[in-house]
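Listing of entry11.pdb, PDB, C-alpha atoms, pLDDT in the B column
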ATOM      1  CA  MET A   1     146.481  35.210  46.245  1.00 92.00           C
ATOM      2  CA  LYS A   2     146.815  36.343  42.639  1.00 93.00           C
ATOM      3  CA  ILE A   3     143.950  38.315  41.104  1.00 94.00           C
ATOM      4  CA  LYS A   4     143.269  39.794  37.684  1.00 93.00           C
ATOM      5  CA  THR A   5     142.452  43.492  37.658  1.00 93.00           C
ATOM      6  CA  LYS A   6     141.307  45.883  34.990  1.00 91.00           C
ATOM      7  CA  VAL A   7     143.831  48.598  35.796  1.00 91.00           C
ATOM      8  CA  PHE A   8     146.926  46.778  37.096  1.00 92.00           C
ATOM      9  CA  GLY A   9     146.720  43.443  35.267  1.00 92.00           C
ATOM     10  CA  GLU A  10     147.593  40.446  37.452  1.00 94.00           C
ATOM     11  CA  ILE A  11     148.546  41.404  40.992  1.00 95.00           C
ATOM     12  CA  GLU A  12     149.022  39.734  44.353  1.00 94.00           C
ATOM     13  CA  ILE A  13     146.686  40.643  47.200  1.00 93.00           C
ATOM     14  CA  ASP A  14     146.348  39.478  50.756  1.00 92.00           C
ATOM     15  CA  GLU A  15     143.444  37.073  51.400  1.00 90.00           C
ATOM     16  CA  LYS A  16     142.217  39.621  53.977  1.00 88.00           C
ATOM     17  CA  GLN A  17     141.611  42.196  51.220  1.00 91.00           C
ATOM     18  CA  LYS A  18     138.806  40.063  49.780  1.00 95.00           C
ATOM     19  CA  ILE A  19     135.343  41.424  50.494  1.00 97.00           C
ATOM     20  CA  PHE A  20     132.162  39.441  50.047  1.00 97.00           C
ATOM     21  CA  PHE A  21     129.040  41.347  48.948  1.00 98.00           C
ATOM     22  CA  PRO A  22     126.155  38.901  49.631  1.00 97.00           C
ATOM     23  CA  ASP A  23     123.787  41.033  47.506  1.00 96.00           C
ATOM     24  CA  GLY A  24     126.358  42.283  45.001  1.00 97.00           C
ATOM     25  CA  ILE A  25     126.207  45.847  43.707  1.00 98.00           C
ATOM     26  CA  LEU A  26     122.749  47.141  42.761  1.00 98.00           C
ATOM     27  CA  GLY A  27     121.945  46.133  39.192  1.00 97.00           C
ATOM     28  CA  MET A  28     124.840  43.653  39.063  1.00 96.00           C
ATOM     29  CA  GLU A  29     123.849  41.318  41.868  1.00 96.00           C
ATOM     30  CA  GLU A  30     125.531  38.242  40.365  1.00 97.00           C
ATOM     31  CA  PHE A  31     129.047  39.538  41.139  1.00 98.00           C
ATOM     32  CA  LYS A  32     129.707  39.081  44.825  1.00 98.00           C
ATOM     33  CA  ASN A  33     133.467  38.972  45.370  1.00 98.00           C
ATOM     34  CA  PHE A  34     135.480  42.179  45.378  1.00 98.00           C
ATOM     35  CA  ALA A  35     138.706  43.755  46.563  1.00 97.00           C
ATOM     36  CA  ILE A  36     139.385  47.401  47.415  1.00 95.00           C
ATOM     37  CA  LEU A  37     142.615  48.461  45.744  1.00 94.00           C
ATOM     38  CA  ASP A  38     144.624  51.646  46.248  1.00 91.00           C
ATOM     39  CA  SER A  39     144.884  53.649  43.063  1.00 90.00           C
ATOM     40  CA  GLU A  40     148.068  55.422  42.036  1.00 86.00           C
ATOM     41  CA  ASN A  41     146.064  58.611  42.340  1.00 87.00           C
ATOM     42  CA  ARG A  42     144.963  59.586  45.799  1.00 86.00           C
ATOM     43  CA  PRO A  43     142.187  60.063  46.934  1.00 92.00           C
ATOM     44  CA  PHE A  44     140.761  57.371  44.673  1.00 94.00           C
ATOM     45  CA  PHE A  45     140.410  53.637  45.228  1.00 95.00           C
ATOM     46  CA  TYR A  46     139.160  50.833  43.025  1.00 96.00           C
ATOM     47  CA  LEU A  47     136.351  48.408  43.735  1.00 97.00           C
ATOM     48  CA  GLN A  48     137.581  45.502  41.637  1.00 97.00           C
ATOM     49  CA  SER A  49     135.363  42.480  40.985  1.00 97.00           C
ATOM     50  CA  LEU A  50     137.149  39.177  41.550  1.00 97.00           C
ATOM     51  CA  ASP A  51     134.497  37.335  39.508  1.00 96.00           C
ATOM     52  CA  ASP A  52     134.946  39.427  36.362  1.00 96.00           C
ATOM     53  CA  CYS A  53     138.222  41.314  35.946  1.00 94.00           C
ATOM     54  CA  ASP A  54     136.543  43.785  33.581  1.00 95.00           C
ATOM     55  CA  LEU A  55     134.146  44.960  36.293  1.00 96.00           C
ATOM     56  CA  ASP A  56     135.569  47.800  38.310  1.00 96.00           C
ATOM     57  CA  TRP A  57     134.483  51.112  39.835  1.00 97.00           C
ATOM     58  CA  VAL A  58     136.396  54.095  41.145  1.00 97.00           C
ATOM     59  CA  LEU A  59     135.709  54.954  44.801  1.00 97.00           C
ATOM     60  CA  ILE A  60     136.336  57.963  46.993  1.00 97.00           C
ATOM     61  CA  SER A  61     135.873  58.553  50.707  1.00 96.00           C
ATOM     62  CA  PRO A  62     132.880  60.895  51.286  1.00 97.00           C
ATOM     63  CA  GLU A  63     134.800  62.731  54.027  1.00 95.00           C
ATOM     64  CA  PHE A  64     137.294  63.890  51.405  1.00 94.00           C
ATOM     65  CA  PHE A  65     134.804  66.457  50.119  1.00 94.00           C
ATOM     66  CA  ARG A  66     132.088  66.525  52.831  1.00 95.00           C
ATOM     67  CA  ASP A  67     133.166  67.031  56.454  1.00 94.00           C
ATOM     68  CA  ASP A  68     129.542  66.681  57.490  1.00 95.00           C
ATOM     69  CA  TYR A  69     128.996  63.287  55.846  1.00 96.00           C
ATOM     70  CA  THR A  70     126.990  60.821  57.905  1.00 95.00           C
ATOM     71  CA  LEU A  71     125.985  57.273  57.064  1.00 95.00           C
ATOM     72  CA  ASP A  72     122.180  57.346  57.267  1.00 95.00           C
ATOM     73  CA  VAL A  73     120.823  53.941  56.285  1.00 94.00           C
ATOM     74  CA  GLN A  74     118.216  51.472  57.522  1.00 93.00           C
ATOM     75  CA  GLU A  75     119.240  49.347  60.485  1.00 90.00           C
ATOM     76  CA  SER A  76     118.295  46.274  58.452  1.00 92.00           C
ATOM     77  CA  GLU A  77     121.013  47.125  55.944  1.00 93.00           C
ATOM     78  CA  LEU A  78     123.708  47.407  58.607  1.00 91.00           C
ATOM     79  CA  ALA A  79     122.533  44.082  60.052  1.00 90.00           C
ATOM     80  CA  GLU A  80     123.451  42.508  56.695  1.00 92.00           C
ATOM     81  CA  LEU A  81     127.035  43.592  57.368  1.00 93.00           C
ATOM     82  CA  GLY A  82     127.161  41.482  60.509  1.00 88.00           C
ATOM     83  CA  LEU A  83     126.952  44.386  62.938  1.00 81.00           C
ATOM     84  CA  GLU A  84     125.943  43.376  66.420  1.00 72.00           C
ATOM     85  CA  VAL A  85     124.203  45.598  68.932  1.00 67.00           C
ATOM     86  CA  GLY A  86     126.646  46.775  71.569  1.00 72.00           C
ATOM     87  CA  VAL A  87     129.713  45.737  69.600  1.00 74.00           C
ATOM     88  CA  ASP A  88     131.772  48.619  68.251  1.00 78.00           C
ATOM     89  CA  THR A  89     132.678  47.851  64.661  1.00 80.00           C
ATOM     90  CA  GLU A  90     134.561  50.129  62.359  1.00 87.00           C
ATOM     91  CA  LEU A  91     132.878  50.558  58.998  1.00 93.00           C
ATOM     92  CA  LEU A  92     134.618  51.792  55.868  1.00 95.00           C
ATOM     93  CA  VAL A  93     132.398  53.975  53.725  1.00 97.00           C
ATOM     94  CA  PHE A  94     133.036  54.823  50.080  1.00 98.00           C
ATOM     95  CA  ALA A  95     131.152  56.628  47.325  1.00 98.00           C
ATOM     96  CA  ILE A  96     131.179  55.369  43.741  1.00 98.00           C
ATOM     97  CA  VAL A  97     132.666  57.977  41.412  1.00 97.00           C
ATOM     98  CA  PHE A  98     131.192  58.739  37.986  1.00 97.00           C
ATOM     99  CA  PHE A  99     133.220  60.464  35.281  1.00 94.00           C
ATOM    100  CA  PRO A 100     130.748  61.496  32.572  1.00 93.00           C
ATOM    101  CA  PRO A 101     132.361  61.009  29.153  1.00 87.00           C
ATOM    102  CA  ILE A 102     131.778  64.564  27.895  1.00 82.00           C
ATOM    103  CA  GLU A 103     131.195  66.922  30.815  1.00 80.00           C
ATOM    104  CA  ASN A 104     134.310  68.026  32.642  1.00 83.00           C
ATOM    105  CA  VAL A 105     132.991  67.100  36.088  1.00 91.00           C
ATOM    106  CA  ILE A 106     133.393  64.289  38.596  1.00 94.00           C
ATOM    107  CA  TYR A 107     130.381  63.049  40.517  1.00 96.00           C
ATOM    108  CA  ALA A 108     130.256  60.985  43.693  1.00 98.00           C
ATOM    109  CA  ASN A 109     127.217  58.928  44.648  1.00 98.00           C
ATOM    110  CA  LEU A 110     126.368  59.565  48.303  1.00 98.00           C
ATOM    111  CA  GLN A 111     122.846  58.195  47.968  1.00 98.00           C
ATOM    112  CA  ALA A 112     124.144  54.656  47.587  1.00 98.00           C
ATOM    113  CA  PRO A 113     127.370  54.343  49.594  1.00 98.00           C
ATOM    114  CA  VAL A 114     129.501  51.212  49.530  1.00 98.00           C
ATOM    115  CA  VAL A 115     129.846  50.139  53.164  1.00 97.00           C
ATOM    116  CA  ILE A 116     132.421  47.613  54.340  1.00 96.00           C
ATOM    117  CA  ASN A 117     132.878  45.711  57.573  1.00 95.00           C
ATOM    118  CA  LYS A 118     136.596  45.042  57.273  1.00 92.00           C
ATOM    119  CA  LEU A 119     136.652  42.766  60.296  1.00 90.00           C
ATOM    120  CA  LYS A 120     134.186  40.340  58.744  1.00 92.00           C
ATOM    121  CA  GLY A 121     135.150  40.952  55.128  1.00 95.00           C
ATOM    122  CA  LEU A 122     131.560  41.863  54.283  1.00 96.00           C
ATOM    123  CA  GLY A 123     130.357  44.629  51.999  1.00 97.00           C
ATOM    124  CA  ARG A 124     127.087  46.100  50.835  1.00 97.00           C
ATOM    125  CA  GLN A 125     125.849  48.965  48.716  1.00 98.00           C
ATOM    126  CA  CYS A 126     123.367  50.680  51.028  1.00 98.00           C
ATOM    127  CA  VAL A 127     120.668  53.244  50.259  1.00 98.00           C
ATOM    128  CA  SER A 128     120.633  56.518  52.179  1.00 97.00           C
ATOM    129  CA  ILE A 129     117.429  57.434  53.997  1.00 96.00           C
ATOM    130  CA  ASN A 130     118.606  61.052  54.328  1.00 97.00           C
ATOM    131  CA  PRO A 131     117.491  63.111  51.290  1.00 96.00           C
ATOM    132  CA  LYS A 132     120.561  65.331  51.800  1.00 97.00           C
ATOM    133  CA  TRP A 133     122.702  62.668  50.133  1.00 98.00           C
ATOM    134  CA  LYS A 134     122.219  62.584  46.376  1.00 97.00           C
ATOM    135  CA  LEU A 135     123.054  60.347  43.470  1.00 98.00           C
ATOM    136  CA  ARG A 136     125.408  62.983  42.071  1.00 97.00           C
ATOM    137  CA  HIS A 137     127.570  65.305  44.159  1.00 97.00           C
ATOM    138  CA  ASN A 138     129.896  67.414  42.032  1.00 96.00           C
ATOM    139  CA  ILE A 139     133.204  66.788  43.825  1.00 94.00           C
ATOM    140  CA  MET A 140     134.971  69.936  42.543  1.00 91.00           C
ATOM    141  CA  GLU A 141     132.068  72.159  43.589  1.00 93.00           C
ATOM    142  CA  GLU A 142     131.867  70.530  47.000  1.00 93.00           C
ATOM    143  CA  LEU A 143     135.608  71.029  47.501  1.00 91.00           C
ATOM    144  CA  GLU A 144     135.323  74.696  46.620  1.00 89.00           C
ATOM    145  CA  LYS A 145     132.495  75.135  49.144  1.00 88.00           C
ATOM    146  CA  LYS A 146     134.594  73.335  51.715  1.00 82.00           C
ATOM    147  CA  GLY A 147     137.499  75.723  51.027  1.00 75.00           C
ATOM    148  CA  ILE A 148     135.320  78.786  51.642  1.00 61.00           C
ATOM    149  CA  LYS A 149     134.057  77.575  55.020  1.00 55.00           C
TER     150      LYS A 149
ATOM    151  CA  MET B   1     100.136  40.178  40.386  1.00 95.00           C
ATOM    152  CA  LEU B   2      97.636  40.171  43.223  1.00 96.00           C
ATOM    153  CA  ILE B   3      95.531  43.319  43.222  1.00 97.00           C
ATOM    154  CA  LEU B   4      93.492  44.361  46.287  1.00 97.00           C
ATOM    155  CA  THR B   5      91.266  47.396  46.782  1.00 97.00           C
ATOM    156  CA  ARG B   6      91.717  49.267  50.082  1.00 97.00           C
ATOM    157  CA  LYS B   7      90.131  52.386  51.536  1.00 97.00           C
ATOM    158  CA  LEU B   8      91.619  55.015  53.829  1.00 97.00           C
ATOM    159  CA  ASP B   9      92.680  53.521  57.201  1.00 97.00           C
ATOM    160  CA  GLU B  10      92.429  49.992  55.823  1.00 98.00           C
ATOM    161  CA  SER B  11      95.497  47.798  55.606  1.00 98.00           C
ATOM    162  CA  ILE B  12      96.964  44.555  54.361  1.00 98.00           C
ATOM    163  CA  VAL B  13      99.209  42.085  56.161  1.00 98.00           C
ATOM    164  CA  ILE B  14     102.083  40.238  54.482  1.00 97.00           C
ATOM    165  CA  ASN B  15     103.637  37.158  56.109  1.00 95.00           C
ATOM    166  CA  GLU B  16     101.869  37.814  59.436  1.00 94.00           C
ATOM    167  CA  ASN B  17     104.465  40.411  60.455  1.00 96.00           C
ATOM    168  CA  ILE B  18     104.391  43.162  57.830  1.00 97.00           C
ATOM    169  CA  LYS B  19     101.429  45.518  57.911  1.00 98.00           C
ATOM    170  CA  ILE B  20     100.873  48.158  55.239  1.00 98.00           C
ATOM    171  CA  SER B  21      98.165  50.757  55.950  1.00 98.00           C
ATOM    172  CA  ILE B  22      96.660  53.496  53.814  1.00 98.00           C
ATOM    173  CA  VAL B  23      97.339  56.552  56.002  1.00 98.00           C
ATOM    174  CA  GLU B  24      96.321  59.418  53.743  1.00 98.00           C
ATOM    175  CA  ILE B  25      95.015  59.992  50.213  1.00 97.00           C
ATOM    176  CA  ILE B  26      95.477  63.422  48.648  1.00 97.00           C
ATOM    177  CA  GLY B  27      94.838  63.768  44.924  1.00 97.00           C
ATOM    178  CA  ASP B  28      96.991  61.190  43.174  1.00 96.00           C
ATOM    179  CA  SER B  29      99.240  60.614  46.213  1.00 97.00           C
ATOM    180  CA  VAL B  30      98.729  57.777  48.638  1.00 97.00           C
ATOM    181  CA  LYS B  31     100.602  57.815  51.950  1.00 98.00           C
ATOM    182  CA  LEU B  32     101.456  54.333  53.219  1.00 98.00           C
ATOM    183  CA  GLY B  33     102.303  53.329  56.755  1.00 98.00           C
ATOM    184  CA  ILE B  34     104.530  50.275  57.041  1.00 97.00           C
ATOM    185  CA  ASP B  35     104.947  48.239  60.212  1.00 97.00           C
ATOM    186  CA  ALA B  36     107.667  45.680  59.738  1.00 96.00           C
ATOM    187  CA  PRO B  37     110.381  43.908  61.744  1.00 94.00           C
ATOM    188  CA  LYS B  38     113.687  45.768  61.902  1.00 89.00           C
ATOM    189  CA  SER B  39     115.292  43.161  59.655  1.00 90.00           C
ATOM    190  CA  VAL B  40     113.085  44.138  56.700  1.00 94.00           C
ATOM    191  CA  LYS B  41     114.609  46.430  54.080  1.00 95.00           C
ATOM    192  CA  ILE B  42     112.194  48.872  52.440  1.00 96.00           C
ATOM    193  CA  TYR B  43     112.951  51.009  49.374  1.00 96.00           C
ATOM    194  CA  ARG B  44     111.228  53.324  46.946  1.00 96.00           C
ATOM    195  CA  SER B  45     111.328  51.453  43.616  1.00 97.00           C
ATOM    196  CA  GLU B  46     112.407  54.433  41.531  1.00 97.00           C
ATOM    197  CA  VAL B  47     115.347  55.121  43.884  1.00 97.00           C
ATOM    198  CA  LEU B  48     116.673  51.586  43.368  1.00 97.00           C
ATOM    199  CA  GLU B  49     116.225  51.912  39.603  1.00 98.00           C
ATOM    200  CA  ALA B  50     118.105  55.231  39.536  1.00 98.00           C
ATOM    201  CA  ILE B  51     120.980  53.737  41.564  1.00 98.00           C
ATOM    202  CA  LYS B  52     121.198  50.760  39.198  1.00 98.00           C
ATOM    203  CA  ARG B  53     121.431  53.090  36.192  1.00 98.00           C
ATOM    204  CA  GLU B  54     124.090  55.188  37.916  1.00 98.00           C
ATOM    205  CA  ASN B  55     126.142  52.083  38.803  1.00 98.00           C
ATOM    206  CA  GLU B  56     125.979  50.925  35.202  1.00 98.00           C
ATOM    207  CA  GLN B  57     127.159  54.299  33.895  1.00 96.00           C
ATOM    208  CA  ALA B  58     129.893  54.662  36.499  1.00 97.00           C
ATOM    209  CA  LYS B  59     131.699  51.420  35.589  1.00 97.00           C
ATOM    210  CA  PHE B  60     135.394  51.957  35.018  1.00 94.00           C
ATOM    211  CA  THR B  61     136.647  52.464  31.478  1.00 91.00           C
ATOM    212  CA  PRO B  62     140.254  53.207  30.434  1.00 88.00           C
ATOM    213  CA  ALA B  63     139.102  56.697  29.344  1.00 86.00           C
ATOM    214  CA  ILE B  64     138.814  57.549  33.051  1.00 88.00           C
ATOM    215  CA  LEU B  65     142.518  57.039  33.807  1.00 88.00           C
ATOM    216  CA  PRO B  66     143.778  60.447  32.560  1.00 85.00           C
ATOM    217  CA  GLN B  67     141.084  62.124  34.674  1.00 84.00           C
ATOM    218  CA  LEU B  68     142.177  60.575  37.952  1.00 85.00           C
ATOM    219  CA  PRO B  69     145.066  62.962  38.801  1.00 82.00           C
ATOM    220  CA  LYS B  70     142.712  65.977  38.694  1.00 75.00           C
ATOM    221  CA  LEU B  71     142.019  66.076  42.387  1.00 76.00           C
ATOM    222  CA  GLN B  72     145.550  65.493  43.583  1.00 70.00           C
ATOM    223  CA  ASP B  73     146.591  69.138  43.726  1.00 67.00           C
ATOM    224  CA  LYS B  74     143.585  69.785  45.961  1.00 66.00           C
ATOM    225  CA  ILE B  75     144.836  67.571  48.767  1.00 59.00           C
TER     226      ILE B  75
END
Taking this structure as input, can you express it in the form of structure tokens?
Amino acid sequence: MKIKTKVFGEIEIDEKQKIFFPDGILGMEEFKNFAILDSENRPFFYLQSLDDCDLDWVLISPEFFRDDYTLDVQESELAELGLEVGVDTELLVFAIVFFPPIENVIYANLQAPVVINKLKGLGRQCVSINPKWKLRHNIMEELEKKGIK
Amino acid sequence: MLILTRKLDESIVINENIKISIVEIIGDSVKLGIDAPKSVKIYRSEVLEAIKRENEQAKFTPAILPQLPKLQDKI
């Protein structure tokens, strides 16, 4: 299928790349259809809205800068992703990246991870119940700490 | 908005299966106990509001593109 994207213009994606977010992204609940796109710059990805080509976020995998990352969210949130008790399902977890316009830093949001059940094509922005995971993790600083360990 | 007055150890029930109790009152803080089915999602309002603001700010703009390669030499 052809889709319109903010970064790459019109591109072709596989139907399987479509991800449905029943509750949208917090604050923008009306947009429910997305695709995860590889960026030309590892380790970043794009969360591209298929309902509005101008709506797009940059994503990163939390493990890239935090080896100790764990997904700590309410069971009721994971249930929304179609997880069944006793069935092993692989979840993809991403953090939304924020590039403040002036400061020379890059933040990742680990408090509200974007969680995807690839098998079912379902996604959800969850809310961490572990206070360790904050709205803004300075990626450069975290990488430096990781290097020292 | 429905407004009810409750004392310590009193509670309210919502939809027959959600029970909210006043567990502790210290100064201006009230500790709530919530008994609800596992399917119910419970959040602190200000956390949701902060996440919404962050999502709004983090939306992609073309100004971000030159910043993307920054991390590549760290891989």
- Message: Translate the PyMOL selection byres ((chain A) within 6 of (chain B)) into a concrete residue list for this structure, as a list in words.
- Response: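 Output of the PyMOL selection byres ((chain A) within 6 of (chain B)): Leu26, Gly27, Asn41, Asp56, Trp57, Ser76 and Phe98 of chain A.
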- Excluding Glu16 of chain B and residues on its chain fewer than 4 positions from it, collect all residues at most 12 Å away from it, counting all atoms listed in the file, and give them as a PyMOL selection string. chain B and resi 12+20+35-37
- Output check: residues returned by the PyMOL selection byres ((chain A and resi 8-15) around 12), as a PyMOL selection string: (chain A and resi 1-7+16-20+33-40+46+48+50+53-54+56+121) or (chain B and resi 62+65)
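As for atom CA of Phe99 of chain A and atom CA of Pro66 of chain B, they are spaced 10.9 Å apart.
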- Name the residues captured by the PyMOL selection byres ((chain A and resi 82) around 10) when it is applied to the shown file; answer as JSON, numbers by chain. {"A": [77, 78, 79, 80, 81, 83, 84, 85, 89, 117, 119, 120, 121, 122, 123]}
